[in-house]
file work-v2.txt (compact mmCIF, C-alpha atoms)
# COMPACT_ATOMS: atom_id res chain seq x y z
CA MET M 1 82.08 80.64 119.57
CA SER M 2 79.89 79.03 122.24
CA PRO M 3 77.12 79.69 122.99
CA THR M 4 76.36 81.56 119.75
CA PHE M 5 77.23 78.43 117.73
CA ASN M 6 77.42 74.81 118.94
CA PRO M 7 76.16 75.65 122.44
CA ARG M 8 76.59 72.14 123.79
CA ALA M 9 79.73 70.12 123.17
CA ARG M 10 79.28 66.74 121.46
CA ASN M 11 75.89 67.59 120.06
CA PHE M 12 74.38 65.34 117.42
CA THR M 13 74.97 67.87 114.65
CA ASP M 14 77.12 70.95 114.28
CA ASP M 15 75.52 74.28 113.52
CA TYR M 16 75.32 75.34 109.89
CA VAL M 17 75.28 79.05 109.10
CA LEU M 18 74.61 81.27 106.12
CA VAL M 19 77.60 83.35 105.02
CA GLU M 20 76.96 86.38 102.82
CA LYS M 21 79.64 87.69 100.46
CA PHE M 22 78.08 91.00 99.42
CA CYS M 23 80.08 92.68 102.18
CA LEU M 24 83.27 91.91 100.19
CA LYS M 25 82.44 94.58 97.62
CA LYS M 26 83.19 97.45 99.97
CA TYR M 27 84.76 95.73 103.01
CA GLU M 28 82.57 97.76 105.35
CA PHE M 29 81.93 95.94 108.59
CA SER M 30 80.30 96.92 111.88
CA HIS M 31 81.30 96.22 115.45
CA GLY M 32 79.95 92.84 116.49
CA ASP M 33 79.74 91.26 113.01
CA VAL M 34 80.54 87.54 112.96
CA VAL M 35 82.90 86.88 110.04
CA VAL M 36 84.68 83.98 108.34
CA PHE M 37 88.37 84.63 107.63
CA CYS M 38 91.52 82.75 106.55
CA SER M 39 93.89 82.11 109.42
CA PRO M 40 96.96 84.39 109.23
CA SER M 41 99.24 81.49 110.13
CA ASN M 42 97.75 78.89 107.77
CA HIS M 43 95.90 80.07 104.68
CA LYS M 44 94.10 76.74 104.28
CA GLU M 45 92.25 77.06 107.62
CA LYS M 46 89.17 79.21 107.98
CA HIS M 47 88.08 80.59 111.32
CA ILE M 48 84.81 82.17 112.41
CA LYS M 49 84.98 84.95 115.01
CA ARG M 50 83.36 88.23 115.90
CA ILE M 51 84.79 91.62 114.89
CA ILE M 52 85.33 93.58 118.10
CA ALA M 53 87.29 96.57 116.79
CA LEU M 54 87.63 98.24 113.39
CA PRO M 55 90.56 100.21 111.89
CA GLY M 56 91.47 103.21 114.05
CA ASP M 57 89.80 101.90 117.22
CA TRP M 58 91.57 101.52 120.54
CA ILE M 59 91.03 98.06 122.11
CA GLY M 60 91.80 97.08 125.69
CA THR M 61 93.57 93.74 126.07
CA THR M 62 95.36 91.84 128.82
CA HIS M 63 98.82 90.65 127.87
CA ASN M 64 100.77 88.52 130.36
CA SER M 65 98.53 89.89 133.15
CA HIS M 66 99.40 93.50 132.10
CA ASP M 67 96.51 95.65 130.88
CA ASP M 68 97.31 97.13 127.51
CA VAL M 69 95.60 99.39 125.00
CA LEU M 70 96.29 98.78 121.31
CA LYS M 71 95.35 100.85 118.28
CA VAL M 72 93.99 98.74 115.42
CA PRO M 73 96.06 99.67 112.32
CA LYS M 74 94.55 100.92 109.06
CA GLY M 75 93.03 98.11 107.01
CA HIS M 76 92.98 95.65 109.94
CA CYS M 77 90.41 94.47 112.47
CA TRP M 78 90.42 92.82 115.90
CA VAL M 79 88.52 89.53 116.10
CA GLU M 80 87.57 87.55 119.19
CA GLY M 81 85.57 84.40 119.85
CA ASP M 82 82.51 84.60 122.08
CA ASN M 83 83.92 81.86 124.32
CA SER M 84 86.97 83.80 125.54
CA ALA M 85 88.17 80.94 127.72
CA SER M 86 89.03 78.74 124.75
CA SER M 87 89.42 80.82 121.60
CA MET M 88 92.43 81.33 119.33
CA ASP M 89 91.85 84.87 118.16
CA SER M 90 93.42 88.34 117.94
CA ARG M 91 94.51 88.05 121.57
CA SER M 92 97.09 85.50 120.28
CA PHE M 93 97.82 86.52 116.67
CA GLY M 94 97.06 90.23 116.77
CA PRO M 95 94.84 92.26 114.45
CA ILE M 96 94.19 90.68 111.04
CA PRO M 97 94.03 92.45 107.67
CA LEU M 98 90.45 92.94 106.46
CA GLY M 99 91.52 91.34 103.15
CA LEU M 100 91.55 87.94 104.91
CA VAL M 101 87.82 88.15 105.63
CA LYS M 102 85.88 85.87 103.29
CA GLY M 103 82.29 86.54 104.36
CA ARG M 104 79.86 87.64 107.04
CA VAL M 105 77.60 85.24 108.97
CA THR M 106 73.99 86.37 108.97
CA HIS M 107 71.82 83.39 110.01
CA VAL M 108 71.97 79.95 111.58
CA VAL M 109 70.21 77.56 109.20
CA TRP M 110 70.63 74.16 110.93
CA PRO M 111 69.53 72.54 113.28
CA PRO M 112 65.91 73.64 112.81
CA GLN M 113 65.34 74.56 116.44
CA ARG M 114 68.20 77.06 116.28
CA ILE M 115 67.27 78.74 113.01
CA GLY M 116 67.47 82.51 113.42
CA LEU M 117 69.41 85.72 112.98
CA VAL M 118 72.93 85.97 114.38
CA GLU M 119 72.88 89.00 116.69
CA ARG M 120 75.48 91.74 116.60
CA VAL M 121 76.84 92.17 120.12
CA PHE M 122 80.23 93.28 121.37
CA PRO M 123 81.86 94.44 124.62
CA GLN M 124 81.48 98.19 124.27
CA GLU M 125 83.44 98.89 127.41
CA ARG M 126 86.69 97.55 125.90
CA VAL M 127 86.56 99.45 122.60
CA SER M 128 86.70 103.17 121.99
CA SER M 129 86.62 104.73 118.56
CA PHE M 130 87.61 108.35 118.25
CA LYS M 131 86.58 109.46 114.77
CA MET J 1 40.81 81.37 66.08
CA ARG J 2 43.17 84.32 65.78
CA LEU J 3 43.69 84.26 69.56
CA LEU J 4 44.92 80.68 69.34
CA SER J 5 47.43 81.52 66.60
CA TYR J 6 48.66 84.55 68.59
CA MET J 7 49.14 82.35 71.64
CA GLY J 8 51.15 79.90 69.54
CA GLN J 9 53.42 82.69 68.31
CA TRP J 10 53.92 84.05 71.83
CA LYS J 11 54.79 80.60 73.13
CA SER J 12 57.45 80.02 70.47
CA ALA J 13 58.82 83.55 70.92
CA ALA J 14 58.94 83.08 74.69
CA LYS J 15 60.74 79.76 74.25
CA GLU J 16 63.32 81.38 71.99
CA VAL J 17 63.86 84.23 74.46
CA LEU J 18 64.40 81.72 77.27
CA ASP J 19 66.86 79.69 75.20
CA ARG J 20 68.90 82.76 74.27
CA THR J 21 68.86 83.96 77.90
CA ALA J 22 70.01 80.54 79.05
CA ILE J 23 73.00 80.69 76.68
CA VAL J 24 73.96 84.16 77.94
CA ALA J 25 73.55 83.07 81.56
CA LYS J 26 75.73 80.00 81.00
CA PHE J 27 78.39 82.15 79.33
CA LEU J 28 78.40 84.64 82.21
CA CYS J 29 78.71 81.82 84.75
CA LEU J 30 81.64 80.33 82.84
CA LEU J 31 83.27 83.75 82.61
CA HIS J 32 82.85 84.30 86.36
CA VAL J 33 84.33 80.91 87.25
CA THR J 34 87.27 81.37 84.87
CA ASN J 35 88.02 84.90 86.07
CA ASN J 36 87.93 84.01 89.75
CA TYR J 37 89.33 80.50 89.87
CA LEU J 38 91.42 79.93 86.72
CA CYS J 39 92.97 82.84 84.86
CA SER J 40 92.07 86.49 84.40
CA PRO J 41 93.49 89.55 82.63
CA THR J 42 94.39 92.48 84.87
CA LEU J 43 95.49 96.03 84.15
CA VAL J 44 98.45 96.87 86.39
CA TYR J 45 99.96 100.33 86.62
CA GLY J 46 102.32 102.31 88.81
CA PRO J 47 106.08 102.75 89.21
CA SER J 48 106.72 100.13 91.88
CA MET J 49 107.55 97.23 89.54
CA LEU J 50 109.83 99.07 87.05
CA PRO J 51 111.56 97.90 84.92
CA THR J 52 109.61 94.62 84.87
CA LEU J 53 106.21 96.30 84.41
CA ASN J 54 105.64 99.68 82.75
CA LEU J 55 104.59 102.83 84.55
CA THR J 56 101.61 103.61 82.35
CA GLY J 57 99.96 100.23 82.56
CA ASP J 58 100.35 96.68 81.30
CA VAL J 59 97.68 94.07 80.77
CA VAL J 60 98.89 90.84 82.33
CA LEU J 61 97.40 87.39 82.76
CA ALA J 62 97.22 86.13 86.33
CA GLU J 63 96.36 82.57 87.27
CA HIS J 64 94.40 81.79 90.41
CA VAL J 65 95.35 78.14 90.85
CA SER J 66 98.90 78.19 92.24
CA HIS J 67 98.18 80.08 95.42
CA ARG J 68 95.40 77.66 96.39
CA ILE J 69 97.72 74.63 96.14
CA GLY J 70 100.64 76.37 97.81
CA LYS J 71 102.84 76.64 94.70
CA VAL J 72 103.74 80.32 95.13
CA GLY J 73 107.45 80.75 95.83
CA THR J 74 110.31 83.24 95.92
CA GLY J 75 110.70 85.28 92.75
CA ASP J 76 107.05 85.07 91.66
CA VAL J 77 105.19 88.23 90.74
CA VAL J 78 101.87 88.04 92.58
CA LEU J 79 98.66 90.00 92.96
CA VAL J 80 98.16 90.72 96.65
CA ARG J 81 95.26 92.40 98.43
CA SER J 82 96.73 95.38 100.28
CA PRO J 83 96.90 94.94 104.09
CA VAL J 84 96.38 98.69 104.39
CA ASP J 85 93.30 98.94 102.15
CA PRO J 86 91.41 95.70 101.38
CA ARG J 87 89.80 97.24 98.29
CA ARG J 88 93.17 97.68 96.53
CA ILE J 89 95.17 94.94 94.84
CA LEU J 90 98.94 95.35 94.60
CA THR J 91 101.38 93.75 92.18
CA LYS J 92 104.66 92.83 93.88
CA ARG J 93 107.34 90.16 93.82
CA VAL J 94 107.67 87.52 96.55
CA VAL J 95 111.14 87.95 98.02
CA GLY J 96 110.83 85.65 101.05
CA MET J 97 108.60 82.78 102.17
CA GLU J 98 107.81 81.70 105.73
CA GLY J 99 110.92 80.99 107.75
CA ASP J 100 113.23 82.97 105.43
CA THR J 101 115.49 85.70 106.78
CA VAL J 102 115.06 88.97 104.90
CA SER J 103 117.42 91.97 104.99
CA PHE J 104 116.30 95.36 103.80
CA TYR J 105 117.46 98.94 104.00
CA VAL J 106 115.41 101.18 106.29
CA ASP J 107 117.47 104.14 105.13
CA PRO J 108 120.69 104.18 103.05
CA MET J 109 122.84 103.73 106.17
CA TYR J 110 121.06 101.04 108.19
CA SER J 111 119.79 97.65 107.16
CA GLN J 112 117.38 95.56 109.19
CA THR J 113 116.91 91.80 109.24
CA THR J 114 113.64 90.00 110.00
CA VAL J 115 112.42 86.42 109.86
CA VAL J 116 109.20 85.89 107.93
CA PRO J 117 106.60 84.35 110.31
CA LYS J 118 104.66 81.16 109.61
CA GLY J 119 101.93 81.57 107.05
CA HIS J 120 103.30 84.91 105.78
CA VAL J 121 105.31 86.15 102.78
CA TRP J 122 107.62 89.12 102.24
CA ILE J 123 106.76 91.11 99.13
CA GLN J 124 108.76 93.89 97.49
CA GLY J 125 108.38 95.93 94.34
CA ASP J 126 111.25 95.63 91.83
CA ASN J 127 111.66 99.41 91.95
CA THR J 128 112.72 99.73 95.59
CA TYR J 129 112.88 103.53 95.40
CA ALA J 130 109.18 103.97 94.57
CA SER J 131 107.42 101.02 96.15
CA SER J 132 105.34 100.73 99.28
CA ASP J 133 105.68 97.10 100.29
CA SER J 134 106.68 94.75 103.12
CA ARG J 135 109.50 97.13 104.04
CA HIS J 136 106.79 99.51 105.21
CA PHE J 137 103.87 97.33 106.31
CA GLY J 138 105.68 94.09 107.24
CA SER J 139 105.11 90.50 106.12
CA VAL J 140 101.68 89.84 104.69
CA PRO J 141 99.64 86.67 105.38
CA TYR J 142 99.69 84.16 102.53
CA GLY J 143 95.88 84.29 102.48
CA LEU J 144 96.01 87.80 100.97
CA ILE J 145 97.59 86.51 97.75
CA GLN J 146 94.99 86.62 94.97
CA GLY J 147 96.94 85.20 92.03
CA LYS J 148 100.29 84.77 90.27
CA VAL J 149 101.22 86.84 87.20
CA PHE J 150 102.76 84.71 84.47
CA PHE J 151 102.23 86.42 81.13
CA ARG J 152 102.04 89.91 79.66
CA VAL J 153 99.50 90.60 76.91
CA TRP J 154 99.79 94.38 76.39
CA PRO J 155 101.82 96.36 75.22
CA PRO J 156 102.60 94.18 72.19
CA ASP J 157 106.36 94.63 72.41
CA GLY J 158 106.25 93.19 75.91
CA PHE J 159 104.17 90.17 74.89
CA GLY J 160 105.42 87.05 76.62
CA THR J 161 106.45 85.75 79.99
CA LEU J 162 107.97 88.15 82.51
CA GLU J 163 111.72 88.17 83.15
CA GLN J 164 112.96 87.01 86.52
call {"tool": "encode", "arguments": {"input": "work-v2.txt", "output": "structure tokens"}}
result
Amino acid sequence: MSPTFNPRARNFTDDYVLVEKFCLKKYEFSHGDVVVFCSPSNHKEKHIKRIIALPGDWIGTTHNSHDDVLKVPKGHCWVEGDNSASSMDSRSFGPIPLGLVKGRVTHVVWPPQRIGLVERVFPQERVSSFK
Amino acid sequence: MRLLSYMGQWKSAAKEVLDRTAIVAKFLCLLHVTNNYLCSPTLVYGPSMLPTLNLTGDVVLAEHVSHRIGKVGTGDVVLVRSPVDPRRILTKRVVGMEGDTVSFYVDPMYSQTTVVPKGHVWIQGDNTYASSDSRHFGSVPYGLIQGKVFFRVWPPDGFGTLEQ
């Protein structure tokens, strides 16, 4: 998730973030939310990625150098890391059920010089939602 | 003089209110921890687990320890968060773990065989004719399992552990 978190490799300390769990009452997320979720291939691992597409959206991906458009199924979401060069995300394991999401990241709380809100940004040109 | 005695009464009343509130707060915290991390009663209803669970609703006890330490296996009745709607919790039986080969009937003539991927489980309702489960939405990630059902509390004639 560089440069949003841990912008420089081998820093003295890792970033610490605040994760809010109130979103788990209704499971309503927005495009660009950074979330913590259990890995679909190993329930003991937790990953932190950004939600790019919500249920019902069409997302453009590149699979084996072919451009593809996928529809995110009901109850699932498409997550991607900000550092697309080295990120294990929905481009490898597909859309994940929203039930795996364990919280939403709102702020960076450590180190002190990086304290601040985590912005909600996403590549609008790759997602289209027809509602 | 009367002001001083009033203040004394208020202080002791305030102390008693705080003590009682502290007891209630501690009880609620203990209840929250037990319900989420140890054992909780759940009302389950629907036709998909007949004849194991009744149509009109059973109160069952589900424990939330086994799935965290990886002790959920084939044949267990589990509470699973629906992959189609994260606000709903389903009650199904685990029929296959990761790596298992599962065969199921798509329609009465054709059966299909799939291998359960790593980190996933295959869940089915005992009443295959009226159950929406892995035969429709595929294997579900193990992380969606919320707890394992091990005991039935209501109705009284069904009191006890569930049959396999």
call {"tool": "closest_residue", "arguments": {"input": "work-v2.txt", "among": "J:His136, J:Leu53, J:Val84, J:Phe150", "to": "M:Pro73", "atoms": "all atoms listed in the file"}}
result
J:Val84
call {"tool": "interface_residues", "arguments": {"input": "work-v2.txt", "of": "chain J", "to": "chain M", "cutoff": "9 Å", "atoms": "only C-alpha atoms", "output": "MDAnalysis selection string"}}
result
chainID J and resid 68 81:87 117:120 140:144
call {"tool": "residues_around", "arguments": {"input": "work-v2.txt", "residues": "J:Trp122", "least_positions_apart": "2", "cutoff": "12 Å", "atoms": "all atoms listed in the file", "output": "VMD selection string"}}
result
chain J and resid 72 to 78 80 92 to 104 113 to 120 124 to 125 133 to 142 144 to 145
call {"tool": "atom_distance", "arguments": {"input": "work-v2.txt", "atom1": "atom CA of J:Val65", "atom2": "atom CA of J:Asn36"}}
result
9.5 Å
call {"tool": "residues_near_point", "arguments": {"input": "work-v2.txt", "point": "(104.9, 92.8, 80.8)", "cutoff": "8 Å", "atoms": "all atoms listed in the file", "output": "list in words"}}
result
Thr52, Leu53, Asn54, Asp58, Val59, Val60, Phe151, Arg152, Val153, Trp154, Pro155, Gly158, Phe159, Gly160, Thr161 and Leu162 of chain J
call {"tool": "write_last_selection", "arguments": {"input": "work-v2.txt", "atoms": "C-alpha atoms", "output": "PDB file, in the frame of the given file"}}
result
ATOM      1  CA  THR J  52     109.610  94.620  84.870  1.00  0.00           C
ATOM      2  CA  LEU J  53     106.210  96.300  84.410  1.00  0.00           C
ATOM      3  CA  ASN J  54     105.640  99.680  82.750  1.00  0.00           C
ATOM      4  CA  ASP J  58     100.350  96.680  81.300  1.00  0.00           C
ATOM      5  CA  VAL J  59      97.680  94.070  80.770  1.00  0.00           C
ATOM      6  CA  VAL J  60      98.890  90.840  82.330  1.00  0.00           C
ATOM      7  CA  PHE J 151     102.230  86.420  81.130  1.00  0.00           C
ATOM      8  CA  ARG J 152     102.040  89.910  79.660  1.00  0.00           C
ATOM      9  CA  VAL J 153      99.500  90.600  76.910  1.00  0.00           C
ATOM     10  CA  TRP J 154      99.790  94.380  76.390  1.00  0.00           C
ATOM     11  CA  PRO J 155     101.820  96.360  75.220  1.00  0.00           C
ATOM     12  CA  GLY J 158     106.250  93.190  75.910  1.00  0.00           C
ATOM     13  CA  PHE J 159     104.170  90.170  74.890  1.00  0.00           C
ATOM     14  CA  GLY J 160     105.420  87.050  76.620  1.00  0.00           C
ATOM     15  CA  THR J 161     106.450  85.750  79.990  1.00  0.00           C
ATOM     16  CA  LEU J 162     107.970  88.150  82.510  1.00  0.00           C
TER      17      LEU J 162
END
call {"tool": "decode", "arguments": {"input": "work-v2.txt", "residues": "stretch 6-20 of chain J", "atoms": "all heavy atoms", "output": "CSV table (one decimal), in the first residue's frame"}}
result
chain,number,residue,atom,x,y,z
J,6,TYR,N,-26.5,18.3,53.1
J,6,TYR,CA,-27.0,17.9,51.8
J,6,TYR,C,-25.9,17.4,50.9
J,6,TYR,O,-26.0,16.4,50.2
J,6,TYR,CB,-27.7,19.1,51.1
J,6,TYR,CG,-29.1,19.4,51.6
J,6,TYR,CD1,-29.6,20.7,51.6
J,6,TYR,CD2,-29.9,18.4,52.1
J,6,TYR,CE1,-30.8,21.0,52.0
J,6,TYR,CE2,-31.1,18.7,52.6
J,6,TYR,CZ,-31.6,20.0,52.5
J,6,TYR,OH,-32.9,20.3,53.0
J,7,MET,N,-24.7,18.2,51.0
J,7,MET,CA,-23.6,17.8,50.1
J,7,MET,C,-23.1,16.4,50.5
J,7,MET,O,-22.8,15.6,49.6
J,7,MET,CB,-22.4,18.8,50.3
J,7,MET,CG,-22.6,20.0,49.4
J,7,MET,SD,-21.3,21.2,49.5
J,7,MET,CE,-19.9,20.2,49.0
J,8,GLY,N,-23.1,16.1,51.8
J,8,GLY,CA,-22.7,14.7,52.2
J,8,GLY,C,-23.6,13.7,51.7
J,8,GLY,O,-23.2,12.6,51.2
J,9,GLN,N,-25.0,13.9,51.7
J,9,GLN,CA,-25.9,13.0,51.1
J,9,GLN,C,-25.7,12.8,49.6
J,9,GLN,O,-25.7,11.7,49.1
J,9,GLN,CB,-27.4,13.4,51.4
J,9,GLN,CG,-27.8,13.2,52.8
J,9,GLN,CD,-29.2,13.7,53.0
J,9,GLN,OE1,-29.7,14.5,52.2
J,9,GLN,NE2,-29.8,13.4,54.1
J,10,TRP,N,-25.5,13.9,48.9
J,10,TRP,CA,-25.3,13.8,47.5
J,10,TRP,C,-24.1,13.0,47.1
J,10,TRP,O,-24.1,12.2,46.2
J,10,TRP,CB,-25.2,15.2,46.8
J,10,TRP,CG,-26.4,16.0,46.8
J,10,TRP,CD1,-27.7,15.5,46.8
J,10,TRP,CD2,-26.5,17.4,46.7
J,10,TRP,NE1,-28.6,16.5,46.7
J,10,TRP,CE2,-27.9,17.7,46.7
J,10,TRP,CE3,-25.6,18.5,46.7
J,10,TRP,CZ2,-28.4,19.0,46.6
J,10,TRP,CZ3,-26.1,19.7,46.6
J,10,TRP,CH2,-27.5,20.0,46.6
J,11,LYS,N,-23.0,13.2,47.9
J,11,LYS,CA,-21.8,12.5,47.7
J,11,LYS,C,-22.0,11.0,47.8
J,11,LYS,O,-21.5,10.2,47.0
J,11,LYS,CB,-20.6,13.0,48.6
J,11,LYS,CG,-19.8,14.1,48.0
J,11,LYS,CD,-18.9,14.7,49.0
J,11,LYS,CE,-17.5,14.1,49.0
J,11,LYS,NZ,-16.6,14.8,49.9
J,12,SER,N,-22.6,10.6,48.9
J,12,SER,CA,-22.8,9.2,49.1
J,12,SER,C,-23.8,8.6,48.1
J,12,SER,O,-23.6,7.5,47.6
J,12,SER,CB,-23.3,8.9,50.5
J,12,SER,OG,-24.6,9.4,50.7
J,13,ALA,N,-24.8,9.4,47.7
J,13,ALA,CA,-25.7,8.9,46.6
J,13,ALA,C,-25.0,8.7,45.3
J,13,ALA,O,-25.1,7.8,44.6
J,13,ALA,CB,-26.9,9.8,46.5
J,14,ALA,N,-24.1,9.8,45.0
J,14,ALA,CA,-23.4,9.7,43.8
J,14,ALA,C,-22.5,8.5,43.8
J,14,ALA,O,-22.3,7.8,42.8
J,14,ALA,CB,-22.6,11.0,43.5
J,15,LYS,N,-21.8,8.2,44.9
J,15,LYS,CA,-20.9,7.1,45.0
J,15,LYS,C,-21.7,5.8,44.7
J,15,LYS,O,-21.2,4.9,44.0
J,15,LYS,CB,-20.2,7.1,46.3
J,15,LYS,CG,-19.1,6.0,46.4
J,15,LYS,CD,-18.4,6.1,47.8
J,15,LYS,CE,-17.3,5.1,47.8
J,15,LYS,NZ,-17.7,3.7,47.5
J,16,GLU,N,-22.9,5.7,45.3
J,16,GLU,CA,-23.7,4.5,45.1
J,16,GLU,C,-24.1,4.3,43.7
J,16,GLU,O,-24.0,3.2,43.1
J,16,GLU,CB,-24.9,4.5,46.1
J,16,GLU,CG,-25.5,3.1,46.2
J,16,GLU,CD,-26.7,3.1,47.1
J,16,GLU,OE1,-26.7,3.9,48.1
J,16,GLU,OE2,-27.6,2.3,46.9
J,17,VAL,N,-24.5,5.4,43.0
J,17,VAL,CA,-24.9,5.3,41.6
J,17,VAL,C,-23.7,4.9,40.8
J,17,VAL,O,-23.8,4.0,39.9
J,17,VAL,CB,-25.3,6.7,41.1
J,17,VAL,CG1,-25.4,6.8,39.6
J,17,VAL,CG2,-26.7,7.0,41.7
J,18,LEU,N,-22.5,5.4,41.1
J,18,LEU,CA,-21.3,5.0,40.3
J,18,LEU,C,-21.0,3.5,40.5
J,18,LEU,O,-20.6,2.8,39.6
J,18,LEU,CB,-20.1,5.9,40.7
J,18,LEU,CG,-20.1,7.3,40.0
J,18,LEU,CD1,-19.0,8.1,40.6
J,18,LEU,CD2,-20.0,7.2,38.5
J,19,ASP,N,-21.1,3.1,41.8
J,19,ASP,CA,-20.8,1.6,42.0
J,19,ASP,C,-21.8,0.7,41.3
J,19,ASP,O,-21.4,-0.2,40.6
J,19,ASP,CB,-20.9,1.4,43.5
J,19,ASP,CG,-19.7,1.8,44.3
J,19,ASP,OD1,-18.7,2.1,43.6
J,19,ASP,OD2,-19.8,2.0,45.5
J,20,ARG,N,-23.1,1.1,41.3
J,20,ARG,CA,-24.1,0.3,40.6
J,20,ARG,C,-23.8,0.3,39.1
J,20,ARG,O,-23.9,-0.7,38.4
J,20,ARG,CB,-25.5,0.8,40.9
J,20,ARG,CG,-25.9,0.7,42.4
J,20,ARG,CD,-26.5,-0.6,42.7
J,20,ARG,NE,-26.7,-0.8,44.1
J,20,ARG,CZ,-27.9,-0.6,44.7
J,20,ARG,NH1,-28.9,-0.2,44.0
J,20,ARG,NH2,-28.0,-0.7,46.0
